Each structure stands twice: as structure tokens, then as C-alpha cells.
>>> print(open('run-v9.cif').read())   # mmCIF, C-alpha atoms
data_data
#
loop_
_atom_site.label_atom_id
_atom_site.label_comp_id
_atom_site.auth_asym_id
_atom_site.auth_seq_id
_atom_site.Cartn_x
_atom_site.Cartn_y
_atom_site.Cartn_z
CA MET A 576 -29.40 -24.26 2.10
CA GLU A 577 -26.74 -22.97 4.50
CA THR A 578 -24.82 -25.18 6.90
CA LEU A 579 -23.07 -24.22 10.12
CA PRO A 580 -20.83 -26.79 11.88
CA THR A 581 -21.26 -26.69 15.65
CA HIS A 582 -19.75 -28.61 18.56
CA VAL A 583 -22.18 -28.92 21.47
CA HIS A 584 -20.83 -29.26 25.00
CA GLY A 585 -22.69 -30.81 27.93
CA GLU A 586 -23.44 -34.13 29.54
CA SER A 587 -24.79 -35.47 26.27
CA TYR A 588 -23.17 -34.52 23.00
CA ALA A 589 -22.44 -35.97 19.56
CA ASP A 590 -19.15 -36.10 17.72
CA GLU A 591 -20.38 -33.32 15.45
CA VAL A 592 -23.61 -31.44 14.86
CA ILE A 593 -24.22 -29.66 11.55
CA LEU A 594 -26.95 -27.06 11.42
CA LYS A 595 -28.77 -26.82 8.07
CA LEU A 596 -30.82 -23.71 7.36
CA SER A 597 -33.37 -23.31 4.59
CA PRO A 598 -35.71 -20.35 3.94
CA LYS A 599 -38.69 -22.72 3.39
CA ARG A 600 -38.42 -25.17 6.29
CA TYR A 601 -37.50 -25.43 9.95
CA PRO A 602 -33.82 -25.71 10.88
CA MET A 603 -32.47 -29.25 10.65
CA LEU A 604 -29.63 -30.83 12.58
CA GLU A 605 -27.36 -33.46 11.07
CA ILE A 606 -26.00 -35.35 14.07
CA ILE A 607 -22.88 -37.46 13.56
CA GLU A 608 -22.10 -39.96 16.30
CA ASN A 609 -19.73 -42.90 15.94
CA GLY A 610 -19.83 -42.43 12.17
CA ILE A 611 -23.64 -42.67 12.02
CA HIS A 612 -25.66 -39.72 10.67
CA HIS A 613 -28.99 -38.78 12.27
CA TYR A 614 -31.29 -35.96 11.19
CA LYS A 615 -33.59 -33.95 13.42
CA THR A 616 -35.82 -30.94 12.84
CA VAL A 617 -35.62 -28.38 15.65
CA GLY A 618 -37.72 -25.41 16.67
CA TYR A 619 -36.24 -22.00 17.18
CA HIS A 620 -36.29 -22.24 20.99
CA GLU A 621 -34.35 -25.51 20.91
CA LEU A 622 -32.03 -24.04 18.28
CA LEU A 623 -31.14 -21.13 20.55
CA ASN A 624 -30.37 -23.54 23.39
CA ILE A 625 -28.06 -25.55 21.13
CA LEU A 626 -26.23 -22.47 19.92
CA ASP A 627 -25.88 -21.22 23.47
CA ARG A 628 -23.86 -24.37 24.29
CA SER A 629 -21.80 -24.23 21.07
CA ILE A 630 -18.18 -23.12 20.76
CA VAL A 631 -19.32 -21.12 17.73
CA VAL A 632 -20.87 -18.63 20.13
CA GLU A 633 -17.72 -18.69 22.25
CA GLN A 634 -15.62 -17.82 19.20
CA LEU A 635 -17.94 -14.96 18.24
CA LYS A 636 -17.47 -13.46 21.70
CA LYS A 637 -13.71 -13.16 21.21
CA PRO A 638 -12.38 -9.71 20.20
CA ASP A 639 -11.75 -9.36 16.46
CA VAL A 640 -8.05 -8.56 16.85
CA SER A 641 -5.10 -9.80 14.84
CA ILE A 642 -1.46 -8.76 14.59
CA VAL A 643 -0.02 -7.96 11.17
CA SER A 644 3.78 -7.86 11.09
CA SER A 645 5.40 -5.45 8.64
CA PRO A 646 8.79 -6.18 7.07
CA PRO A 647 11.70 -3.86 8.01
CA LEU A 648 10.94 -0.35 6.76
CA PRO A 649 13.19 2.01 4.77
CA GLU A 650 15.21 4.65 6.57
CA ARG A 651 13.29 7.89 7.17
CA SER A 652 9.89 6.24 6.80
CA LEU A 653 7.08 8.54 7.92
CA LEU A 654 3.83 6.65 7.37
CA VAL A 655 2.89 3.06 6.60
CA ASP A 656 -0.31 1.09 5.95
CA THR A 657 -0.18 -2.72 6.07
CA LEU A 658 -2.86 -4.85 4.42
CA GLN A 659 -3.00 -8.64 4.58
CA THR A 660 -5.08 -11.43 3.08
CA GLN A 661 -4.54 -15.18 2.97
CA HIS A 662 -2.60 -14.73 -0.27
CA TRP A 663 -0.55 -11.55 0.10
CA LEU A 664 0.80 -8.86 2.41
CA ARG A 665 0.92 -5.32 1.07
CA CYS A 666 2.75 -2.34 2.58
CA ILE A 667 2.16 1.26 1.48
CA VAL A 668 5.14 3.26 2.72
CA THR A 669 5.79 7.00 2.52
CA ALA A 670 9.39 8.00 3.25
CA TRP A 671 11.88 10.67 2.20
CA LEU A 672 15.43 11.19 0.97
CA PRO A 673 17.53 14.22 2.02
CA ARG A 674 18.97 16.78 -0.39
CA MET A 675 21.51 15.21 -2.71
CA GLU A 676 23.25 15.50 -6.05
CA TYR A 677 22.29 12.86 -8.60
CA PRO A 678 22.80 12.68 -12.38
CA LEU A 679 19.89 12.97 -14.80
CA ILE A 680 20.35 11.87 -18.40
CA PHE A 681 18.60 13.77 -21.18
CA GLY A 682 19.49 13.11 -24.80
CA GLU A 683 23.26 12.71 -25.02
CA LYS A 684 23.98 14.86 -21.96
CA THR A 685 24.24 14.12 -18.26
CA PHE A 686 23.31 16.80 -15.73
CA LEU A 687 24.42 16.60 -12.09
CA ILE A 688 21.24 17.81 -10.42
CA PRO A 689 21.13 19.21 -6.86
CA PHE A 690 17.84 17.66 -5.78
CA PRO A 691 15.73 19.08 -2.97
CA ALA A 692 14.40 16.62 -0.40
CA LEU A 693 12.45 13.89 -2.20
CA VAL A 694 9.31 12.40 -0.69
CA TYR A 695 8.44 9.03 -2.17
CA GLN A 696 5.79 6.40 -1.73
CA VAL A 697 5.93 2.75 -2.72
CA THR A 698 3.33 -0.01 -2.64
CA TYR A 699 5.21 -3.21 -1.87
CA GLU A 700 3.57 -6.64 -2.07
CA ILE A 701 4.73 -10.03 -0.83
CA THR A 702 2.96 -13.01 -2.40
CA GLY A 703 5.42 -15.74 -1.42
CA LYS A 704 8.84 -16.43 0.05
CA ASP A 705 10.65 -15.41 -3.14
CA SER A 706 7.99 -13.26 -4.76
CA GLN A 707 7.93 -9.56 -3.95
CA LYS A 708 7.01 -6.67 -6.19
CA ILE A 709 6.58 -2.91 -6.15
CA HIS A 710 3.25 -1.89 -7.66
CA HIS A 711 3.43 1.89 -7.51
CA LEU A 712 6.01 4.64 -7.06
CA ARG A 713 5.04 8.25 -6.37
CA LEU A 714 7.35 11.26 -6.03
CA ALA A 715 7.10 14.79 -4.67
CA VAL A 716 9.60 17.34 -3.36
CA SER A 717 9.95 19.49 -0.26
CA THR A 718 11.74 22.76 0.40
CA GLU A 719 12.48 21.67 3.98
CA ASP A 720 15.69 20.06 5.19
CA ILE A 721 13.80 17.79 7.60
CA VAL A 722 10.52 16.27 6.38
CA THR A 723 7.65 15.37 8.72
CA HIS A 724 4.08 14.20 8.16
CA GLN A 725 3.02 17.89 8.22
CA THR A 726 5.50 19.09 5.58
CA GLN A 727 3.91 20.76 2.55
CA LEU A 728 4.74 19.16 -0.78
CA TYR A 729 5.44 20.37 -4.31
CA ARG A 730 5.27 18.66 -7.66
CA TYR A 731 8.33 16.82 -8.88
CA PRO A 732 9.69 19.53 -11.23
CA PHE A 733 11.34 17.29 -13.80
CA SER A 734 9.77 14.98 -16.39
CA ASN A 735 7.86 11.70 -16.34
CA VAL A 736 5.80 12.28 -13.19
CA TYR A 737 2.06 12.98 -13.15
CA PRO A 738 0.57 15.81 -11.03
CA SER A 739 -0.54 13.16 -8.50
CA GLY A 740 3.09 12.11 -8.04
CA GLN A 741 2.67 8.79 -9.87
CA VAL A 742 5.72 8.09 -12.03
CA CYS A 743 5.30 7.45 -15.74
CA TRP A 744 7.67 4.52 -15.93
CA ASN A 745 7.45 0.85 -16.87
CA GLY A 746 10.66 -0.08 -15.08
CA LEU A 747 9.22 -1.10 -11.72
CA PRO A 748 10.74 -4.51 -10.94
CA SER A 749 8.32 -7.41 -10.68
CA ARG A 750 10.67 -9.33 -8.40
CA VAL A 751 12.63 -7.37 -5.85
CA GLY A 752 14.39 -7.78 -2.53
CA GLU A 753 13.59 -6.54 0.97
CA LEU A 754 11.31 -3.54 1.38
CA HIS A 755 13.85 -1.46 3.32
CA GLN A 756 16.36 -1.84 0.47
CA MET A 757 14.19 -1.82 -2.62
CA ALA A 758 12.02 1.19 -1.76
CA PRO A 759 14.84 3.77 -2.01
CA GLN A 760 16.57 1.75 -4.74
CA SER A 761 13.45 2.01 -6.90
CA VAL A 762 13.67 5.81 -6.61
CA PHE A 763 17.29 5.84 -7.74
CA ALA A 764 16.50 3.40 -10.56
CA PHE A 765 13.82 5.81 -11.79
CA LEU A 766 16.18 8.79 -11.58
CA ALA A 767 18.85 6.85 -13.50
CA THR A 768 16.46 6.13 -16.40
CA PRO A 769 17.12 8.49 -19.36
CA ASN A 770 14.60 11.33 -19.33
CA ASN A 771 12.30 12.42 -22.11
CA GLN A 772 10.00 15.45 -22.05
CA ASP A 773 6.79 13.60 -21.15
CA LEU A 774 4.75 15.49 -18.52
CA TYR A 775 7.31 18.32 -18.49
CA GLY A 776 6.41 21.95 -19.00
CA VAL A 777 5.99 25.42 -17.54
CA GLY A 778 2.85 25.40 -15.40
CA ARG A 779 2.77 21.63 -15.62
CA SER A 780 5.81 20.38 -13.74
CA HIS A 781 7.39 23.71 -12.69
CA ASN A 782 7.03 27.49 -12.79
CA ALA A 783 10.55 28.33 -13.97
CA PRO A 784 11.02 30.56 -17.05
CA HIS A 785 12.45 27.70 -19.13
CA THR A 786 10.36 26.14 -21.88
CA GLU A 787 13.00 23.71 -23.13
CA TYR A 788 13.89 20.83 -20.84
CA GLU A 789 17.62 21.07 -21.51
CA ASP A 790 17.60 24.77 -20.57
CA PHE A 791 15.73 23.98 -17.36
CA LEU A 792 18.20 21.24 -16.40
CA SER A 793 21.15 23.55 -17.09
CA ALA A 794 19.59 26.27 -14.92
CA VAL A 795 19.03 23.81 -12.06
CA VAL A 796 22.67 22.69 -12.25
CA GLN A 797 23.73 26.32 -11.83
CA GLU A 798 21.13 27.59 -9.34
CA GLY A 799 19.50 24.56 -7.78
CA VAL A 800 15.72 24.20 -7.73
CA ARG A 801 14.58 27.65 -6.62
CA PRO A 802 11.47 27.59 -4.38
CA GLU A 803 9.55 29.95 -6.67
CA TRP A 804 9.99 27.47 -9.51
CA LEU A 805 7.97 24.81 -7.70
CA ILE A 806 4.24 24.16 -8.07
CA PRO A 807 2.46 23.47 -4.73
CA MET A 808 0.55 20.20 -4.56
CA GLY A 809 -1.82 21.68 -1.99
CA MET A 810 -1.24 18.86 0.49
CA ASP A 811 1.07 17.77 3.25
CA VAL A 812 2.83 14.41 3.56
CA GLN A 813 -0.01 12.82 5.52
CA THR A 814 -2.58 13.75 2.86
CA PHE A 815 -0.17 12.57 0.15
CA HIS A 816 0.01 9.22 1.93
CA GLN A 817 -3.76 8.94 2.26
CA LYS A 818 -4.16 9.61 -1.47
CA SER A 819 -2.50 6.22 -2.04
CA LYS A 820 -5.89 4.59 -1.48
CA ASN A 821 -6.99 6.07 -4.81
CA HIS A 822 -4.11 4.52 -6.80
#
>>> encode(input="run-v9.cif", output="C-alpha cells")
Amino acid sequence: METLPTHVHGESYADEVILKLSPKRYPMLEIIENGIHHYKTVGYHELLNILDRSIVVEQLKKPDVSIVSSPPLPERSLLVDTLQTQHWLRCIVTAWLPRMEYPLIFGEKTFLIPFPALVYQVTYEITGKDSQKIHHLRLAVSTEDIVTHQTQLYRYPFSNVYPSGQVCWNGLPSRVGELHQMAPQSVFAFLATPNNQDLYGVGRSHNAPHTEYEDFLSAVVQEGVRPEWLIPMGMDVQTFHQKSKNH
């Protein structure tokens, strides 16, 4: 049995009319007037007339449009998807960071790495006033000084990042601050985490002639990340962003 509350307008109307539908009997109306319940079986012609005068039909005629407000976005954001339910709001943001020097720690040594432009993607979720979290972080690099949605991407050449760009890291904070602050800060927090050799290797993370991770880091300190050392991802930024739906 399915019920559908309706409010009927006209010269004669009840306080409330509830339509009850059953696959084995005619539609039935539960009519509530002055606190008294009446029941009436209706034919389909009468049912259509009732629905025609109901605000249910008026509501169905309204365009299915709603506005979803995103929180402030990080600097240099390129693409964003915003999803919302009654319980959470989720933003998938793809942005980039310009060339920079930043230390990587491997073993007992620190290497000041001249990074190429970093393209990153975060999935940020708000579930309450004081409850925000970052679900995913993905990284790629670009050889361009200015990144656009059409820029071709390359694999992150260092360790702890899968070919898809997903980081291999359990340090994503479960409670964070504002999206525009925490998105880039999550990238720097990942870079500051001591490296191991997981997911590193020639033909795996880079094409440089350096099998050992320490040798590769030393070479990058001296020469930078040479373009021929990078492995193409075979996608631009827009495709990289769309791939987020699979993660």
C-alpha cells in the first residue's frame, strides 16, 4: 500500500486528503476534516480530477533546480565538482602549485628538491559545522609554467604515488579546516612525510637512469626533474579531474 498526501483546493475541500494505492483494489481516499477521518473509494476518472486540483501537481510542474554553494576554493583551482545530500557536502577540486623548492626526507638525509608544477586533486567533505575531512589526494606533475585544464600531465616521479596519481599515505587528516587552506596544506603535509621506496622505480615512477632512490634524488637536486625523465599519464588536467569519479 502506498500513500500520497494531497491538499485539494476548490469551493469544497477537507483539511487533508491522503491517497492510498493498492495493486489489488481501487484507489482509496482518507479524508480528514475537523479531526474526523472518512474513507472513500474513487474511480480513476475522479482520481485524475482530484490530482488536477492538488498542489502535488503544482509542485511537480516546478523546474527541478537547486543551488549548491561551494566553500571558498584554493588558489589556482581549475575544476570543481560539488555534490550534496541531506547529510554531507562534498567538493572534488583539481588545482595546481607553481614550481618550487621543497625538502624531501629519505632515510637520514634531506634533499632540497626543485619541483616542477604540481597538479593535485582533493576530495573534501563537510558533514557538520566542525566536521570536515579530506578523503582522497592525487598528485601529478606538469612541464608547463602555467597550468590549464588542457595541460598534459606526467606521473609524480618520486615515491608513494600510484600510477593513477592516488597517494599511498595514511596521513590524510580526518578533521581539517577550510577547503581553501587545507587542500594545499595536505599536499605539503604529504611531501613532508619521510619517503620510502614504495611505488618508486625506473619505468614505474620515472624514466631516469637511476635505480636507487637516493641516487635519483641527488640527481634531481643537481639537475632538476628533466622532461625526458617523466612518464606521460596520457591525459590532460580535465581528464585527470574526471577520473576522480572512479576513486
>>> residues_around(input="run-v9.cif", residues="A:Leu792", least_positions_apart="4", cutoff="12 Å", atoms="only C-alpha atoms", output="ChimeraX atom specification")
/A:678-682,684-690,732-734,770,772,775,781,783-788,796-800
>>> resolve_selection(input="run-v9.cif", expression="the PyMOL selection byres ((chain A and resi 805) around 7)", output="list in words")
Tyr729, Arg730, Pro732, His781, Asn782, Pro802, Glu803, Trp804, Ile806 and Pro807 of chain A
>>> atom_distance(input="run-v9.cif", atom1="atom CA of A:Cys743", atom2="atom CA of A:Val668")
18.9 Å
>>> residues_around(input="run-v9.cif", residues="A:Glu700", least_positions_apart="6", cutoff="8 Å", atoms="all atoms listed in the file", output="PyMOL selection string")
chain A and resi 663-666+707-710
>>> residues_near_point(input="run-v9.cif", point="(-0.2, -3.5, 10.2)", cutoff="8 Å", atoms="only C-alpha atoms", output="JSON, numbers by chain")
{"A": [642, 643, 644, 645, 656, 657, 658]}
>>> decode(input="run-v9.cif", residues="stretch 631-778 of chain A", atoms="C-alpha atoms", output="PDB file, in the first residue's frame")
ATOM      1  CA  VAL A 631       1.193  17.976  -5.575  1.00  0.00           C
ATOM      2  CA  VAL A 632       0.725  18.512  -9.300  1.00  0.00           C
ATOM      3  CA  GLU A 633       1.689  22.162  -8.920  1.00  0.00           C
ATOM      4  CA  GLN A 634       4.936  21.146  -7.218  1.00  0.00           C
ATOM      5  CA  LEU A 635       5.735  18.618  -9.946  1.00  0.00           C
ATOM      6  CA  LYS A 636       5.417  21.366 -12.551  1.00  0.00           C
ATOM      7  CA  LYS A 637       8.179  23.422 -10.929  1.00  0.00           C
ATOM      8  CA  PRO A 638      11.658  23.170 -12.512  1.00  0.00           C
ATOM      9  CA  ASP A 639      13.967  20.732 -10.714  1.00  0.00           C
ATOM     10  CA  VAL A 640      16.614  23.356  -9.923  1.00  0.00           C
ATOM     11  CA  SER A 641      18.580  23.898  -6.743  1.00  0.00           C
ATOM     12  CA  ILE A 642      21.629  25.983  -5.857  1.00  0.00           C
ATOM     13  CA  VAL A 643      24.589  24.261  -4.209  1.00  0.00           C
ATOM     14  CA  SER A 644      27.069  26.673  -2.622  1.00  0.00           C
ATOM     15  CA  SER A 645      30.722  25.642  -2.588  1.00  0.00           C
ATOM     16  CA  PRO A 646      33.088  26.744   0.178  1.00  0.00           C
ATOM     17  CA  PRO A 647      35.949  29.105  -0.802  1.00  0.00           C
ATOM     18  CA  LEU A 648      38.274  27.308  -3.216  1.00  0.00           C
ATOM     19  CA  PRO A 649      42.082  27.030  -3.093  1.00  0.00           C
ATOM     20  CA  GLU A 650      44.205  29.430  -5.110  1.00  0.00           C
ATOM     21  CA  ARG A 651      44.795  28.276  -8.708  1.00  0.00           C
ATOM     22  CA  SER A 652      41.786  25.960  -8.721  1.00  0.00           C
ATOM     23  CA  LEU A 653      40.986  24.725 -12.224  1.00  0.00           C
ATOM     24  CA  LEU A 654      37.998  22.396 -11.915  1.00  0.00           C
ATOM     25  CA  VAL A 655      35.480  21.577  -9.202  1.00  0.00           C
ATOM     26  CA  ASP A 656      32.527  19.205  -8.753  1.00  0.00           C
ATOM     27  CA  THR A 657      30.140  19.788  -5.846  1.00  0.00           C
ATOM     28  CA  LEU A 658      27.858  17.022  -4.576  1.00  0.00           C
ATOM     29  CA  GLN A 659      25.287  17.445  -1.813  1.00  0.00           C
ATOM     30  CA  THR A 660      22.898  15.249   0.152  1.00  0.00           C
ATOM     31  CA  GLN A 661      20.904  15.911   3.306  1.00  0.00           C
ATOM     32  CA  HIS A 662      23.875  14.701   5.354  1.00  0.00           C
ATOM     33  CA  TRP A 663      27.010  15.984   3.615  1.00  0.00           C
ATOM     34  CA  LEU A 664      28.510  18.316   1.038  1.00  0.00           C
ATOM     35  CA  ARG A 665      31.445  17.017  -0.984  1.00  0.00           C
ATOM     36  CA  CYS A 666      33.798  19.034  -3.200  1.00  0.00           C
ATOM     37  CA  ILE A 667      36.205  17.449  -5.681  1.00  0.00           C
ATOM     38  CA  VAL A 668      38.784  20.110  -6.528  1.00  0.00           C
ATOM     39  CA  THR A 669      41.651  19.992  -9.009  1.00  0.00           C
ATOM     40  CA  ALA A 670      44.206  22.779  -8.584  1.00  0.00           C
ATOM     41  CA  TRP A 671      47.932  23.338  -9.052  1.00  0.00           C
ATOM     42  CA  LEU A 672      51.038  24.681  -7.340  1.00  0.00           C
ATOM     43  CA  PRO A 673      53.799  26.515  -9.256  1.00  0.00           C
ATOM     44  CA  ARG A 674      57.421  25.378  -9.446  1.00  0.00           C
ATOM     45  CA  MET A 675      59.064  25.463  -6.035  1.00  0.00           C
ATOM     46  CA  GLU A 676      61.846  24.055  -3.906  1.00  0.00           C
ATOM     47  CA  TYR A 677      60.733  21.794  -1.070  1.00  0.00           C
ATOM     48  CA  PRO A 678      62.652  19.306   1.093  1.00  0.00           C
ATOM     49  CA  LEU A 679      62.114  15.556   0.787  1.00  0.00           C
ATOM     50  CA  ILE A 680      63.340  13.270   3.550  1.00  0.00           C
ATOM     51  CA  PHE A 681      64.716   9.846   2.676  1.00  0.00           C
ATOM     52  CA  GLY A 682      66.498   7.781   5.306  1.00  0.00           C
ATOM     53  CA  GLU A 683      68.694  10.113   7.329  1.00  0.00           C
ATOM     54  CA  LYS A 684      69.125  12.654   4.536  1.00  0.00           C
ATOM     55  CA  THR A 685      67.142  15.682   3.428  1.00  0.00           C
ATOM     56  CA  PHE A 686      67.106  16.695  -0.233  1.00  0.00           C
ATOM     57  CA  LEU A 687      66.029  20.169  -1.346  1.00  0.00           C
ATOM     58  CA  ILE A 688      64.050  19.224  -4.446  1.00  0.00           C
ATOM     59  CA  PRO A 689      63.251  21.684  -7.267  1.00  0.00           C
ATOM     60  CA  PHE A 690      59.716  20.503  -8.014  1.00  0.00           C
ATOM     61  CA  PRO A 691      58.031  21.085 -11.355  1.00  0.00           C
ATOM     62  CA  ALA A 692      54.470  22.411 -11.278  1.00  0.00           C
ATOM     63  CA  LEU A 693      52.338  20.071  -9.163  1.00  0.00           C
ATOM     64  CA  VAL A 694      48.738  19.319 -10.094  1.00  0.00           C
ATOM     65  CA  TYR A 695      46.727  17.983  -7.181  1.00  0.00           C
ATOM     66  CA  GLN A 696      43.198  16.863  -6.512  1.00  0.00           C
ATOM     67  CA  VAL A 697      41.416  16.590  -3.185  1.00  0.00           C
ATOM     68  CA  THR A 698      38.006  15.245  -2.232  1.00  0.00           C
ATOM     69  CA  TYR A 699      36.796  17.387   0.652  1.00  0.00           C
ATOM     70  CA  GLU A 700      33.688  16.530   2.670  1.00  0.00           C
ATOM     71  CA  ILE A 701      31.691  18.575   5.169  1.00  0.00           C
ATOM     72  CA  THR A 702      29.413  16.549   7.443  1.00  0.00           C
ATOM     73  CA  GLY A 703      28.763  19.178  10.115  1.00  0.00           C
ATOM     74  CA  LYS A 704      29.792  22.579  11.410  1.00  0.00           C
ATOM     75  CA  ASP A 705      33.022  21.259  12.934  1.00  0.00           C
ATOM     76  CA  SER A 706      33.465  18.081  10.927  1.00  0.00           C
ATOM     77  CA  GLN A 707      35.407  18.264   7.684  1.00  0.00           C
ATOM     78  CA  LYS A 708      37.685  15.681   6.146  1.00  0.00           C
ATOM     79  CA  ILE A 709      39.780  15.039   3.067  1.00  0.00           C
ATOM     80  CA  HIS A 710      39.038  11.624   1.581  1.00  0.00           C
ATOM     81  CA  HIS A 711      41.493  11.458  -1.303  1.00  0.00           C
ATOM     82  CA  LEU A 712      44.639  13.186  -2.515  1.00  0.00           C
ATOM     83  CA  ARG A 713      46.016  12.705  -6.026  1.00  0.00           C
ATOM     84  CA  LEU A 714      49.217  14.148  -7.500  1.00  0.00           C
ATOM     85  CA  ALA A 715      50.682  14.633 -10.963  1.00  0.00           C
ATOM     86  CA  VAL A 716      53.276  16.981 -12.471  1.00  0.00           C
ATOM     87  CA  SER A 717      53.450  19.305 -15.452  1.00  0.00           C
ATOM     88  CA  THR A 718      56.345  20.630 -17.506  1.00  0.00           C
ATOM     89  CA  GLU A 719      54.487  23.917 -18.067  1.00  0.00           C
ATOM     90  CA  ASP A 720      54.918  27.085 -16.033  1.00  0.00           C
ATOM     91  CA  ILE A 721      51.201  27.896 -16.264  1.00  0.00           C
ATOM     92  CA  VAL A 722      48.747  25.004 -15.928  1.00  0.00           C
ATOM     93  CA  THR A 723      45.319  24.988 -17.596  1.00  0.00           C
ATOM     94  CA  HIS A 724      42.601  22.358 -17.966  1.00  0.00           C
ATOM     95  CA  GLN A 725      44.248  21.325 -21.270  1.00  0.00           C
ATOM     96  CA  THR A 726      47.760  20.836 -19.856  1.00  0.00           C
ATOM     97  CA  GLN A 727      49.204  17.353 -20.364  1.00  0.00           C
ATOM     98  CA  LEU A 728      50.220  15.559 -17.181  1.00  0.00           C
ATOM     99  CA  TYR A 729      53.023  13.237 -16.118  1.00  0.00           C
ATOM    100  CA  ARG A 730      53.356  10.795 -13.271  1.00  0.00           C
ATOM    101  CA  TYR A 731      54.653  12.063  -9.964  1.00  0.00           C
ATOM    102  CA  PRO A 732      58.293  10.903 -10.333  1.00  0.00           C
ATOM    103  CA  PHE A 733      59.065  10.280  -6.675  1.00  0.00           C
ATOM    104  CA  SER A 734      57.795   7.553  -4.341  1.00  0.00           C
ATOM    105  CA  ASN A 735      54.492   6.690  -2.668  1.00  0.00           C
ATOM    106  CA  VAL A 736      52.151   7.654  -5.515  1.00  0.00           C
ATOM    107  CA  TYR A 737      50.235   5.166  -7.670  1.00  0.00           C
ATOM    108  CA  PRO A 738      50.142   5.498 -11.493  1.00  0.00           C
ATOM    109  CA  SER A 739      46.614   6.948 -11.154  1.00  0.00           C
ATOM    110  CA  GLY A 740      48.012   9.767  -9.016  1.00  0.00           C
ATOM    111  CA  GLN A 741      46.467   8.470  -5.783  1.00  0.00           C
ATOM    112  CA  VAL A 742      48.905   8.906  -2.898  1.00  0.00           C
ATOM    113  CA  CYS A 743      49.921   5.914  -0.806  1.00  0.00           C
ATOM    114  CA  TRP A 744      49.633   7.628   2.545  1.00  0.00           C
ATOM    115  CA  ASN A 745      47.589   7.159   5.708  1.00  0.00           C
ATOM    116  CA  GLY A 746      48.187  10.701   6.941  1.00  0.00           C
ATOM    117  CA  LEU A 747      45.116  12.384   5.487  1.00  0.00           C
ATOM    118  CA  PRO A 748      43.545  14.327   8.377  1.00  0.00           C
ATOM    119  CA  SER A 749      40.070  13.242   9.433  1.00  0.00           C
ATOM    120  CA  ARG A 750      39.285  16.686  10.811  1.00  0.00           C
ATOM    121  CA  VAL A 751      40.601  19.682   8.931  1.00  0.00           C
ATOM    122  CA  GLY A 752      39.925  23.362   8.412  1.00  0.00           C
ATOM    123  CA  GLU A 753      38.623  25.330   5.441  1.00  0.00           C
ATOM    124  CA  LEU A 754      38.925  23.844   1.969  1.00  0.00           C
ATOM    125  CA  HIS A 755      40.952  26.736   0.540  1.00  0.00           C
ATOM    126  CA  GLN A 756      43.574  26.272   3.274  1.00  0.00           C
ATOM    127  CA  MET A 757      43.630  22.533   3.804  1.00  0.00           C
ATOM    128  CA  ALA A 758      43.796  21.455   0.165  1.00  0.00           C
ATOM    129  CA  PRO A 759      47.309  22.830  -0.485  1.00  0.00           C
ATOM    130  CA  GLN A 760      48.353  22.125   3.113  1.00  0.00           C
ATOM    131  CA  SER A 761      47.543  18.446   2.616  1.00  0.00           C
ATOM    132  CA  VAL A 762      49.963  18.405  -0.341  1.00  0.00           C
ATOM    133  CA  PHE A 763      52.759  19.913   1.740  1.00  0.00           C
ATOM    134  CA  ALA A 764      51.995  17.537   4.614  1.00  0.00           C
ATOM    135  CA  PHE A 765      52.409  14.612   2.209  1.00  0.00           C
ATOM    136  CA  LEU A 766      55.684  15.999   0.848  1.00  0.00           C
ATOM    137  CA  ALA A 767      56.992  16.495   4.394  1.00  0.00           C
ATOM    138  CA  THR A 768      56.355  12.844   5.313  1.00  0.00           C
ATOM    139  CA  PRO A 769      59.610  10.800   5.205  1.00  0.00           C
ATOM    140  CA  ASN A 770      59.832   8.884   1.941  1.00  0.00           C
ATOM    141  CA  ASN A 771      60.343   5.178   1.451  1.00  0.00           C
ATOM    142  CA  GLN A 772      60.805   3.404  -1.882  1.00  0.00           C
ATOM    143  CA  ASP A 773      57.216   2.186  -2.282  1.00  0.00           C
ATOM    144  CA  LEU A 774      55.947   2.631  -5.859  1.00  0.00           C
ATOM    145  CA  TYR A 775      59.336   4.025  -6.942  1.00  0.00           C
ATOM    146  CA  GLY A 776      61.312   2.671  -9.861  1.00  0.00           C
ATOM    147  CA  VAL A 777      62.585   3.133 -13.399  1.00  0.00           C
ATOM    148  CA  GLY A 778      59.638   2.693 -15.755  1.00  0.00           C
TER     149      GLY A 778
END
